[in-house]
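Dropping input-v5.cif in here (mmCIF, C-alpha atoms and all ligand atoms):
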```
data_final
#
loop_
_atom_site.label_atom_id
_atom_site.label_comp_id
_atom_site.auth_asym_id
_atom_site.auth_seq_id
_atom_site.Cartn_x
_atom_site.Cartn_y
_atom_site.Cartn_z
CA MET A 272 74.25 82.92 88.03
CA ASP A 273 75.16 79.28 87.51
CA PHE A 274 75.91 78.31 91.09
CA LYS A 275 76.18 74.60 90.27
CA GLU A 276 78.89 75.28 87.73
CA LEU A 277 80.70 77.66 90.07
CA ALA A 278 80.55 75.14 92.91
CA LYS A 279 81.97 72.46 90.60
CA GLU A 280 84.79 74.72 89.50
CA TYR A 281 85.73 76.33 92.83
CA GLY A 282 84.34 73.96 95.46
CA THR A 283 82.18 74.77 98.47
CA PRO A 284 81.60 76.57 100.73
CA LEU A 285 81.98 79.48 98.36
CA TYR A 286 81.31 83.20 98.25
CA VAL A 287 80.12 84.49 94.89
CA TYR A 288 79.85 88.22 94.14
CA ASP A 289 77.92 89.77 91.29
CA PHE A 290 80.13 92.73 90.34
CA ASP A 291 77.55 94.06 87.87
CA TYR A 292 75.07 94.41 90.72
CA MET A 293 77.65 96.39 92.73
CA THR A 294 78.14 98.68 89.73
CA ALA A 295 74.40 99.31 89.47
CA GLN A 296 74.07 100.08 93.19
CA TYR A 297 77.02 102.47 93.09
CA ASN A 298 75.63 104.29 90.07
CA GLU A 299 72.18 104.58 91.58
CA LEU A 300 73.50 106.22 94.73
CA LYS A 301 75.92 108.48 92.90
CA GLU A 302 73.10 109.55 90.61
CA ALA A 303 70.89 110.36 93.61
CA PHE A 304 73.35 113.03 94.70
CA ARG A 305 73.61 114.51 91.21
CA GLY A 306 73.75 118.26 91.13
CA ARG A 307 75.84 118.42 94.30
CA LYS A 308 79.51 117.68 94.77
CA SER A 309 79.64 114.25 96.34
CA ILE A 310 82.07 111.47 97.14
CA ILE A 311 80.82 107.95 97.70
CA ALA A 312 83.39 106.48 100.08
CA TYR A 313 82.81 102.75 100.09
CA ALA A 314 82.84 101.37 103.66
CA VAL A 315 85.59 98.84 103.19
CA LYS A 316 84.62 96.83 106.26
CA ALA A 317 81.51 95.54 104.49
CA ASN A 318 83.63 93.51 102.10
CA SER A 319 87.32 94.20 102.08
CA ASN A 320 88.43 91.88 99.30
CA LEU A 321 90.97 93.86 97.25
CA SER A 322 89.18 93.09 93.99
CA VAL A 323 85.92 94.43 95.41
CA ILE A 324 87.60 97.65 96.52
CA LYS A 325 89.33 97.92 93.15
CA HIS A 326 85.99 97.50 91.42
CA PHE A 327 84.68 100.55 93.28
CA ALA A 328 87.94 102.43 92.76
CA LYS A 329 87.49 102.07 89.00
CA MET A 330 84.09 103.74 89.29
CA GLY A 331 85.59 106.71 91.11
CA SER A 332 84.69 105.64 94.64
CA GLY A 333 86.53 106.71 97.73
CA ALA A 334 86.99 104.54 100.82
CA ASP A 335 85.85 104.76 104.41
CA CYS A 336 88.34 102.81 106.52
CA VAL A 337 88.34 101.84 110.18
CA SER A 338 91.87 100.51 110.63
CA ILE A 339 95.21 101.25 109.05
CA GLY A 340 94.92 97.79 107.49
CA GLU A 341 91.83 98.95 105.62
CA VAL A 342 93.61 102.17 104.64
CA ARG A 343 96.42 100.09 103.17
CA ARG A 344 93.93 97.92 101.33
CA ALA A 345 92.31 101.04 99.87
CA PHE A 346 95.68 102.29 98.60
CA LEU A 347 96.58 98.87 97.19
CA ALA A 348 93.27 98.73 95.35
CA GLY A 349 93.92 102.08 93.72
CA ILE A 350 91.74 104.50 95.70
CA PRO A 351 93.44 107.90 95.62
CA ALA A 352 94.58 109.36 98.96
CA TYR A 353 92.30 112.36 98.56
CA LYS A 354 89.25 110.08 98.68
CA ILE A 355 90.24 108.02 101.72
CA ILE A 356 88.94 108.73 105.19
CA PHE A 357 89.76 107.00 108.43
CA SER A 358 87.11 106.52 111.15
CA GLY A 359 86.85 104.54 114.40
CA VAL A 360 86.88 105.14 118.16
CA GLY A 361 90.21 103.51 118.90
CA LYS A 362 92.95 104.55 116.53
CA SER A 363 96.45 103.87 117.80
CA ASP A 364 99.27 106.43 117.57
CA ALA A 365 100.92 104.36 114.86
CA GLU A 366 97.70 104.30 112.85
CA ILE A 367 97.21 108.05 113.20
CA ARG A 368 100.82 108.70 112.18
CA GLU A 369 100.58 106.55 109.08
CA ALA A 370 97.24 108.08 108.05
CA ILE A 371 98.73 111.57 108.31
CA GLU A 372 101.89 110.55 106.46
CA ARG A 373 99.82 109.04 103.68
CA ASP A 374 98.00 112.37 103.38
CA ILE A 375 94.48 110.93 103.28
CA LEU A 376 91.45 113.21 102.91
CA TYR A 377 90.77 113.38 106.65
CA ILE A 378 90.68 111.52 109.93
CA ASN A 379 87.26 111.24 111.55
CA VAL A 380 88.00 112.08 115.17
CA GLU A 381 85.77 110.47 117.79
CA SER A 382 86.85 112.03 121.10
CA GLU A 383 88.65 115.00 122.65
CA ALA A 384 91.43 112.68 123.74
CA GLU A 385 91.91 111.47 120.18
CA LEU A 386 91.98 115.05 118.92
CA GLY A 387 94.86 115.67 121.32
CA ARG A 388 96.80 112.68 119.97
CA VAL A 389 96.22 113.70 116.36
CA GLU A 390 97.45 117.22 117.12
CA LEU A 391 100.55 115.95 118.89
CA ILE A 392 101.46 113.53 116.12
CA ALA A 393 100.83 116.14 113.42
CA LYS A 394 103.11 118.48 115.36
CA GLU A 395 105.88 115.88 115.40
CA LEU A 396 105.43 115.52 111.65
CA ASN A 397 105.31 119.28 111.28
CA VAL A 398 102.04 119.30 109.35
CA ALA A 399 98.42 120.32 109.84
CA ALA A 400 96.33 117.14 109.91
CA ARG A 401 92.98 117.35 108.14
CA ILE A 402 90.23 116.24 110.50
CA SER A 403 86.51 115.86 110.74
CA ILE A 404 84.64 115.32 113.99
CA ARG A 405 82.13 112.58 114.43
CA VAL A 406 79.06 114.02 116.08
CA ASN A 407 76.72 111.80 118.01
CA PRO A 408 73.33 113.45 117.47
CA ASN A 409 71.56 111.22 120.03
CA ILE A 410 69.04 109.89 117.54
CA ASP A 411 67.47 106.47 117.69
CA PRO A 412 67.92 104.94 114.24
CA LYS A 413 65.39 102.16 114.94
CA THR A 414 67.63 99.31 113.90
CA HIS A 415 69.23 96.33 115.66
CA PRO A 416 70.88 97.53 118.91
CA TYR A 417 74.23 95.99 117.90
CA ILE A 418 74.38 98.18 114.80
CA SER A 419 72.86 101.31 116.27
CA THR A 420 75.51 103.98 116.79
CA GLY A 421 73.93 107.43 117.05
CA LEU A 422 72.70 107.41 120.65
CA HIS A 423 74.65 108.70 123.63
CA ASP A 424 74.44 105.15 124.97
CA ASN A 425 76.75 104.11 122.14
CA LYS A 426 80.51 104.56 122.22
CA PHE A 427 80.63 106.51 118.95
CA GLY A 428 81.23 110.20 118.34
CA VAL A 429 80.93 113.20 120.66
CA ASP A 430 77.98 115.30 121.78
CA LEU A 431 77.23 118.66 120.18
CA ASP A 432 78.82 120.81 122.88
CA SER A 433 82.03 118.83 122.87
CA ALA A 434 82.09 118.91 119.09
CA LYS A 435 81.88 122.70 119.06
CA ARG A 436 84.67 122.98 121.63
CA MET A 437 86.81 120.61 119.59
CA TYR A 438 86.27 122.59 116.39
CA ILE A 439 87.33 125.79 118.13
CA LYS A 440 90.42 124.08 119.49
CA ALA A 441 91.24 122.58 116.09
CA ASN A 442 90.72 125.90 114.36
CA ASN A 443 93.17 127.56 116.72
CA SER A 444 95.80 124.88 116.30
CA GLN A 445 98.72 125.08 113.86
CA ASN A 446 98.60 121.35 113.49
CA LEU A 447 94.93 120.68 112.92
CA ASP A 448 92.86 121.59 109.90
CA PRO A 449 89.14 120.98 110.46
CA VAL A 450 87.65 120.26 107.04
CA GLY A 451 84.59 118.11 107.70
CA ILE A 452 81.85 116.96 110.00
CA HIS A 453 80.63 113.42 110.34
CA PHE A 454 77.73 111.42 111.72
CA HIS A 455 76.64 107.82 111.30
CA ILE A 456 73.63 106.79 113.34
CA GLY A 457 73.49 103.11 112.51
CA SER A 458 73.38 100.41 109.92
CA GLN A 459 70.57 98.69 107.99
CA LEU A 460 68.43 101.82 108.31
CA THR A 461 64.95 101.51 106.86
CA GLU A 462 63.44 104.76 108.12
CA LEU A 463 64.26 108.14 106.70
CA GLN A 464 63.12 110.32 109.57
CA PRO A 465 66.02 109.58 111.95
CA ILE A 466 68.53 110.32 109.17
CA ARG A 467 66.79 113.59 108.35
CA GLU A 468 66.73 114.59 112.02
CA ALA A 469 70.39 113.76 112.48
CA ALA A 470 71.35 115.69 109.35
CA GLU A 471 69.36 118.69 110.56
CA ILE A 472 71.10 118.69 113.93
CA VAL A 473 74.51 118.40 112.34
CA ALA A 474 73.76 121.02 109.67
CA ASP A 475 72.72 123.43 112.43
CA LEU A 476 76.05 122.87 114.11
CA VAL A 477 77.78 123.60 110.79
CA ARG A 478 75.89 126.88 110.60
CA SER A 479 76.83 127.86 114.12
CA LEU A 480 80.47 127.13 113.30
CA ASP A 481 80.17 129.12 110.11
CA ALA A 482 79.04 132.06 112.21
CA ILE A 483 82.35 132.00 114.06
CA ASP A 484 84.34 131.62 110.85
CA ILE A 485 84.96 127.92 111.03
CA GLU A 486 84.09 126.81 107.53
CA LEU A 487 83.77 123.12 106.87
CA LYS A 488 83.89 121.62 103.40
CA PHE A 489 82.69 118.03 103.83
CA PHE A 490 79.31 116.95 105.18
CA ASP A 491 79.88 113.28 105.90
CA VAL A 492 76.59 111.47 106.39
CA GLY A 493 78.03 108.05 107.20
CA GLY A 494 76.58 104.90 105.75
CA GLY A 495 73.68 102.79 106.86
CA LEU A 496 71.26 102.59 103.94
CA GLY A 497 69.26 99.43 104.52
CA ILE A 498 68.79 96.63 102.01
CA LYS A 499 66.23 93.93 101.44
CA TYR A 500 66.99 90.74 103.35
CA ASP A 501 63.38 89.76 103.83
CA ASN A 502 60.37 92.01 103.29
CA GLU A 503 61.72 95.32 104.60
CA THR A 504 60.38 98.53 103.13
CA LEU A 505 63.37 100.41 101.92
CA ILE A 506 64.56 103.97 101.73
CA GLN A 507 65.00 104.91 98.09
CA PRO A 508 68.42 106.44 97.35
CA TYR A 509 66.78 109.44 95.72
CA ASP A 510 64.68 110.16 98.85
CA TYR A 511 67.72 109.59 101.03
CA ALA A 512 69.74 112.15 99.06
CA GLN A 513 66.88 114.64 99.01
CA ALA A 514 66.35 114.35 102.76
CA ILE A 515 70.01 115.13 103.37
CA LEU A 516 70.30 117.87 100.77
CA GLY A 517 67.17 119.48 102.19
CA THR A 518 69.00 120.21 105.44
CA LEU A 519 71.91 121.97 103.72
CA THR A 520 70.19 125.10 102.43
CA GLY A 521 72.65 127.92 102.24
CA LEU A 522 75.67 125.67 102.80
CA ASP A 523 78.11 124.92 100.02
CA MET A 524 79.48 121.57 101.10
CA THR A 525 80.61 118.38 99.43
CA ILE A 526 78.54 115.40 100.52
CA LEU A 527 80.50 112.39 101.63
CA CYS A 528 78.59 109.19 102.02
CA GLU A 529 79.93 105.87 103.37
CA PRO A 530 77.73 103.03 102.19
CA GLY A 531 78.85 99.45 102.69
CA ARG A 532 75.91 97.09 102.83
CA PHE A 533 73.94 98.96 100.16
CA LEU A 534 76.71 98.43 97.65
CA THR A 535 77.65 94.83 98.30
CA ALA A 536 75.13 92.87 100.41
CA ASN A 537 72.74 91.75 97.71
CA ALA A 538 75.59 91.21 95.28
CA GLY A 539 76.81 88.32 97.42
CA TYR A 540 75.80 84.68 97.67
CA PHE A 541 77.16 82.07 100.01
CA VAL A 542 76.99 78.67 98.39
CA THR A 543 77.10 75.66 100.66
CA LYS A 544 76.65 71.94 100.16
CA VAL A 545 74.31 69.61 102.01
CA LEU A 546 76.19 66.97 103.97
CA TYR A 547 73.44 65.24 105.93
CA GLU A 548 69.89 65.44 107.06
CA LYS A 549 69.12 64.30 110.58
CA GLN A 550 66.24 64.25 112.98
CA ASN A 551 66.32 64.69 116.76
CA GLY A 552 62.86 63.88 118.04
CA SER A 553 60.51 66.03 116.02
CA LYS A 554 63.25 68.46 114.99
CA LYS A 555 64.75 68.18 111.52
CA PHE A 556 68.25 69.42 110.74
CA VAL A 557 70.07 69.96 107.49
CA VAL A 558 73.81 69.88 108.09
CA VAL A 559 75.81 71.81 105.48
CA ASP A 560 79.53 72.29 104.84
CA GLY A 561 79.47 76.05 105.56
CA ALA A 562 79.31 77.36 109.12
CA MET A 563 79.21 80.33 111.45
CA ASN A 564 82.92 80.86 110.83
CA ASP A 565 82.00 81.66 107.21
CA LEU A 566 78.83 83.70 107.73
CA LEU A 567 78.31 84.85 111.28
CA ARG A 568 75.29 87.13 110.91
CA PRO A 569 72.57 84.57 111.74
CA SER A 570 74.45 83.41 114.87
CA LEU A 571 75.42 86.89 116.04
CA TYR A 572 72.33 88.95 115.25
CA ASN A 573 69.76 86.27 114.56
CA ALA A 574 69.81 87.86 111.12
CA TYR A 575 67.54 86.55 108.41
CA HIS A 576 69.07 85.44 105.11
CA GLU A 577 66.94 84.00 102.36
CA ILE A 578 68.00 80.50 101.39
CA GLU A 579 67.35 78.75 98.12
CA ALA A 580 67.75 75.03 97.56
CA LEU A 581 69.05 74.18 94.09
CA THR A 582 66.95 71.07 93.73
CA GLU A 583 64.61 69.80 91.02
CA ASN A 584 61.86 69.36 93.54
CA LYS A 585 60.91 72.74 94.98
CA ASP A 586 57.74 71.38 96.63
CA ASP A 587 57.09 69.08 99.59
CA LEU A 588 58.45 71.78 101.89
CA ARG A 589 59.29 70.92 105.47
CA GLU A 590 60.60 73.11 108.27
CA VAL A 591 64.25 72.50 109.07
CA ASP A 592 67.12 74.10 110.94
CA ILE A 593 70.05 74.67 108.63
CA VAL A 594 73.22 74.18 110.63
CA GLY A 595 76.95 73.96 110.10
CA PRO A 596 79.62 71.57 111.43
CA VAL A 597 80.94 73.92 114.15
CA CYS A 598 80.58 72.72 117.71
CA GLU A 599 78.19 75.39 118.92
CA SER A 600 74.41 75.35 119.08
CA GLY A 601 74.60 78.90 117.76
CA ASP A 602 76.04 77.60 114.50
CA PHE A 603 73.01 77.96 112.26
CA PHE A 604 72.00 79.80 109.11
CA ALA A 605 68.25 79.57 109.69
CA LYS A 606 65.74 77.99 112.04
CA ASP A 607 62.41 76.45 111.09
CA TYR A 608 63.03 77.27 107.47
CA ALA A 609 60.89 75.71 104.77
CA LEU A 610 62.99 73.67 102.34
CA PRO A 611 62.25 70.74 100.03
CA PRO A 612 63.76 67.30 100.72
CA LEU A 613 67.52 67.38 100.19
CA ASN A 614 70.13 64.88 99.17
CA HIS A 615 73.80 64.61 99.95
CA ASN A 616 75.70 67.20 97.81
CA ASP A 617 72.65 69.32 96.95
CA LEU A 618 73.48 73.02 97.03
CA LEU A 619 71.94 75.75 99.15
CA VAL A 620 72.42 79.37 98.20
CA ILE A 621 72.33 81.82 101.09
CA LYS A 622 71.48 85.28 99.81
CA SER A 623 72.41 88.84 100.78
CA ALA A 624 75.82 87.60 101.91
CA GLY A 625 78.04 90.16 100.18
CA ALA A 626 78.32 92.52 103.16
CA TYR A 627 79.65 91.53 106.59
CA GLY A 628 79.91 87.96 105.37
CA PHE A 629 83.42 86.89 104.52
CA GLY A 630 84.87 89.81 106.45
CA MET A 631 83.39 88.68 109.76
CA GLY A 632 84.61 85.16 109.18
CA SER A 633 87.16 83.37 111.30
CA ASN A 634 89.16 80.18 111.47
CA TYR A 635 87.22 78.83 114.43
CA ASN A 636 87.39 75.03 114.66
CA THR A 637 90.46 75.22 112.37
CA ARG A 638 88.30 75.75 109.36
CA GLY A 639 89.89 77.45 106.39
CA ARG A 640 88.05 80.39 104.97
CA SER A 641 86.05 79.92 101.78
CA ALA A 642 87.19 80.96 98.34
CA GLU A 643 85.69 84.13 96.87
CA VAL A 644 84.67 84.43 93.25
CA ALA A 645 83.65 87.51 91.26
CA VAL A 646 81.24 87.30 88.37
CA GLU A 647 81.24 90.17 85.90
CA ASN A 648 79.75 90.29 82.42
CA GLY A 649 78.98 86.59 82.72
CA LYS A 650 82.59 85.70 83.47
CA ALA A 651 83.77 84.25 86.77
CA ARG A 652 87.18 84.74 88.31
CA LEU A 653 88.73 83.72 91.58
CA ILE A 654 89.48 86.74 93.77
CA ARG A 655 90.65 84.87 96.86
CA ARG A 656 91.69 81.28 96.99
CA ARG A 657 90.37 78.89 99.59
CA GLU A 658 92.52 78.71 102.74
CA ASN A 659 94.21 75.38 103.28
CA PHE A 660 95.56 73.73 106.41
CA ASP A 661 99.06 75.08 105.81
CA ASP A 662 97.69 78.64 105.75
CA LEU A 663 96.01 78.07 109.08
CA ILE A 664 99.12 76.88 110.89
CA ALA A 665 101.73 78.96 109.06
CA LEU A 666 102.15 81.50 111.85
CA GLU A 667 102.59 78.83 114.53
CA THR A 668 104.80 76.09 113.06
CA LYS A 669 108.02 78.06 113.50
CA TYR A 670 107.48 78.01 117.29
CA LEU A 671 106.83 74.26 117.61
CA GLU A 672 110.35 73.54 118.88
CA ASP A 673 110.02 75.70 122.01
N1 LIG B 1 80.40 104.38 108.33
C1 LIG B 1 80.61 104.05 109.61
C2 LIG B 1 81.22 105.03 110.50
C3 LIG B 1 80.23 102.77 110.07
O1 LIG B 1 80.42 102.45 111.35
C4 LIG B 1 79.64 101.85 109.20
C5 LIG B 1 79.26 100.52 109.64
C6 LIG B 1 79.45 102.24 107.85
C7 LIG B 1 79.83 103.52 107.46
C8 LIG B 1 78.83 101.33 106.84
O2 LIG B 1 77.54 101.01 107.19
P1 LIG B 1 76.58 100.28 106.14
O3 LIG B 1 76.36 101.22 105.01
O4 LIG B 1 77.26 99.05 105.69
O5 LIG B 1 75.35 100.01 106.92
N2 LIG B 1 78.30 93.70 111.10
C9 LIG B 1 77.01 94.36 111.06
C10 LIG B 1 77.12 95.75 110.52
C11 LIG B 1 78.08 96.63 111.29
C12 LIG B 1 78.18 98.00 110.72
C13 LIG B 1 79.28 98.76 111.33
N3 LIG B 1 79.45 100.09 110.82
C14 LIG B 1 76.05 93.51 110.24
O6 LIG B 1 76.44 92.43 109.78
O7 LIG B 1 74.90 93.87 110.08
#
```
Render the structure in this file as structure tokens.
Amino acid sequence: MDFKELAKEYGTPLYVYDFDYMTAQYNELKEAFRGRKSIIAYAVKANSNLSVIKHFAKMGSGADCVSIGEVRRAFLAGIPAYKIIFSGVGKSDAEIREAIERDILYINVESEAELGRVELIAKELNVAARISIRVNPNIDPKTHPYISTGLHDNKFGVDLDSAKRMYIKANNSQNLDPVGIHFHIGSQLTELQPIREAAEIVADLVRSLDAIDIELKFFDVGGGLGIKYDNETLIQPYDYAQAILGTLTGLDMTILCEPGRFLTANAGYFVTKVLYEKQNGSKKFVVVDGAMNDLLRPSLYNAYHEIEALTENKDDLREVDIVGPVCESGDFFAKDYALPPLNHNDLLVIKSAGAYGFGMGSNYNTRGRSAEVAVENGKARLIRRRENFDDLIALETKYLED
């Protein structure tokens, strides 16, 4: 990847995505589930650029969406309705209505109250809404607490008893059609055991529902497969698939899997330019043109991202904090990171930035969002232009007179 050339052509800060890498990741996971019916439903939130979604659509991917905006993106990008699912704890009536009208594969319901709303809205529309229930198996996924979701302490899903009650209610309703069951215990998972345990618990529930003639078709295992940011030991997709399939003996279900990070994180690079070096006492800072509004993960989770300096001299390393221009001490990409001496306009490449990078960005400090570029078969193309000042104020200028 010729980052210098890309930076010259498109400017910095810049997101660059390796579409070939995304293809390889998708194929590896799909292959792992070979021999079983499966749908990989790309978790759109990881990187919701339309061209990224379209790239997965072309490979036959479905989409896991968490707002009606994401559902609309999935449709726009060419994902067929029958491969789109809609999850999330707080769907509004309008979102539920539109999802039902668009006839998506199913809505992942996260509470009894939500089930009631879905039933009511489906009744108004005179249809039976396809649903799946998100079960919270109370398993500790051993990941960062902010991205852990499968414990009762977390707001997600319902406990096993409630789930069973909800399935019975749904099965008896004219306006609900229970077709699936869902769990997602967390993100950036690097241990297989919690996933296996969760799958076992959920598969047992499926069996107990089967026994009372509630037959579900989709076993939705969520997303969460971890990736290498640093020196993590990873779960291999094959082992992941085997662990899940091993819990489904005797059940003829289609696997639905919602990976986000696994498909896009290591396809993405955030390219930023060195503005200044400065020293406060013994502390050395490298100030770059990208900031927390572009890539929030280090500030929010203290997340590690590998950083490479595109300099001739790769030696003479010193420890520096790499910081952006935003007026917050939390605006950093790394602390005490070993980098060679840098000059004005040298480039830094921040790795593993393809998931939860651009999408978690903001316009804080009236900073326009970066451009996004896709590279495929050695060819680069712009997939989102850089935001300019006019974009940032467009929704306010009309009201200036008041
Ligand atoms: N399915 C559900 C229901 C989810 O909540 C998530 C992620 C996924 C699938 C996709 O998970 P993945 O395969 O990408 O791990 N902003 C955080 C990650 C938040 C994840 C939220 N849910 C980060 O930057 O690490």
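Compared by their closest atoms to Lys440 of chain A, and using all atoms listed in the file, the residues A:Gly387, A:Val360, A:Ile472, A:Asn407 rank with A:Gly387 nearest.
Picture a line from atom CA of Gln445 of chain A to atom CA of Ile402 of chain A; it runs 12.7 Å.
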Original post:
What do you get as a PyMOL selection string if you pick all residues at most 8 Å from ligand LIG 1 (chain B), counting all atoms listed in the file?
Top reply: chain A and resi 313-314+316-317+335+337+358-359+417-418+420+454-455+457-460+493-497+528-534+567-568+572+574+626-628+631
Subject >> Residue with smallest distance to Ile311 of chain A - pool A:Tyr297, A:Phe489, A:Tyr286, A:Tyr438, counting only C-alpha atoms >> reply: A:Tyr297
Name all residues at most 8 Å from Thr518 of chain A (count all atoms listed in the file; drop same-chain ones fewer than 3 positions away) and give them as an mmCIF file with C-alpha atoms, keeping the file's coordinate frame.
```
data_model
loop_
_atom_site.group_PDB
_atom_site.id
_atom_site.type_symbol
_atom_site.label_atom_id
_atom_site.label_comp_id
_atom_site.auth_asym_id
_atom_site.auth_seq_id
_atom_site.Cartn_x
_atom_site.Cartn_y
_atom_site.Cartn_z
ATOM 1 C CA ARG A 467 66.790 113.590 108.350
ATOM 2 C CA ALA A 470 71.350 115.690 109.350
ATOM 3 C CA GLU A 471 69.360 118.690 110.560
ATOM 4 C CA ALA A 474 73.760 121.020 109.670
ATOM 5 C CA ALA A 514 66.350 114.350 102.760
ATOM 6 C CA ILE A 515 70.010 115.130 103.370
#
```
**OP:** To one decimal in Å, tell me the separation between atom CA of Ala434 of chain A and atom CA of Ile367 of chain A.
**Re:** 19.5 Å
**OP:** Counting only C-alpha atoms, find the residues whose atoms lie at most 12 Å from (96.3, 111.4, 122.0) (file coordinates) and write them out as a ChimeraX atom specification.
**Re:** /A:360-368,380-394
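Atom pair atom CA of Met524 of chain A / atom CA of Phe304 of chain A: separated by 12.3 Å.
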Original post:
What lies within 8 Å of Met330 of chain A using only C-alpha atoms, ignoring chain neighbours under 3 positions off, as a list in words?
Top reply: Thr294, His326 and Phe327 of chain A
Subject >> Counting all atoms listed in the file, the residue of A:Val646, A:Leu300, A:Ala469, A:Ile654 that sits nearest Gly539 of chain A >> reply: A:Val646
Subject >> Option closest in space to Asp374 of chain A, from A:Leu347, A:Arg589, A:Ser570, A:Val342 [counting only C-alpha atoms] >> reply: A:Val342
**OP:** Go ahead and find all residues with at least one atom no further than 10 Å from (69.5, 114.7, 100.4) in the file's coordinates, using only C-alpha atoms; report them as a PyMOL selection string.
**Re:** chain A and resi 303-304+307+466-467+470+492+508-519+526
Once you have the residues from the selection above, write them out as a PDB file, in the coordinates of the input, restricted to C-alpha atoms.
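again_16.pdb written:
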```pdb
ATOM      1  CA  ALA A 303      70.890 110.360  93.610  1.00  0.00           C
ATOM      2  CA  PHE A 304      73.350 113.030  94.700  1.00  0.00           C
ATOM      3  CA  ARG A 307      75.840 118.420  94.300  1.00  0.00           C
ATOM      4  CA  ILE A 466      68.530 110.320 109.170  1.00  0.00           C
ATOM      5  CA  ARG A 467      66.790 113.590 108.350  1.00  0.00           C
ATOM      6  CA  ALA A 470      71.350 115.690 109.350  1.00  0.00           C
ATOM      7  CA  VAL A 492      76.590 111.470 106.390  1.00  0.00           C
ATOM      8  CA  PRO A 508      68.420 106.440  97.350  1.00  0.00           C
ATOM      9  CA  TYR A 509      66.780 109.440  95.720  1.00  0.00           C
ATOM     10  CA  ASP A 510      64.680 110.160  98.850  1.00  0.00           C
ATOM     11  CA  TYR A 511      67.720 109.590 101.030  1.00  0.00           C
ATOM     12  CA  ALA A 512      69.740 112.150  99.060  1.00  0.00           C
ATOM     13  CA  GLN A 513      66.880 114.640  99.010  1.00  0.00           C
ATOM     14  CA  ALA A 514      66.350 114.350 102.760  1.00  0.00           C
ATOM     15  CA  ILE A 515      70.010 115.130 103.370  1.00  0.00           C
ATOM     16  CA  LEU A 516      70.300 117.870 100.770  1.00  0.00           C
ATOM     17  CA  GLY A 517      67.170 119.480 102.190  1.00  0.00           C
ATOM     18  CA  THR A 518      69.000 120.210 105.440  1.00  0.00           C
ATOM     19  CA  LEU A 519      71.910 121.970 103.720  1.00  0.00           C
ATOM     20  CA  ILE A 526      78.540 115.400 100.520  1.00  0.00           C
TER      21      ILE A 526
END
```
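Proximity to Ala538 of chain A was assessed for A:Lys499, A:Lys555, A:Arg344, A:Lys622 counting all atoms listed in the file; the smallest distance is recorded for A:Lys622.
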Original post:
Using all atoms listed in the file, which of the listed residues (A:Thr283, A:Asp273, A:Lys301, A:Glu590) sits closest to Gln550 of chain A?
Top reply: A:Glu590
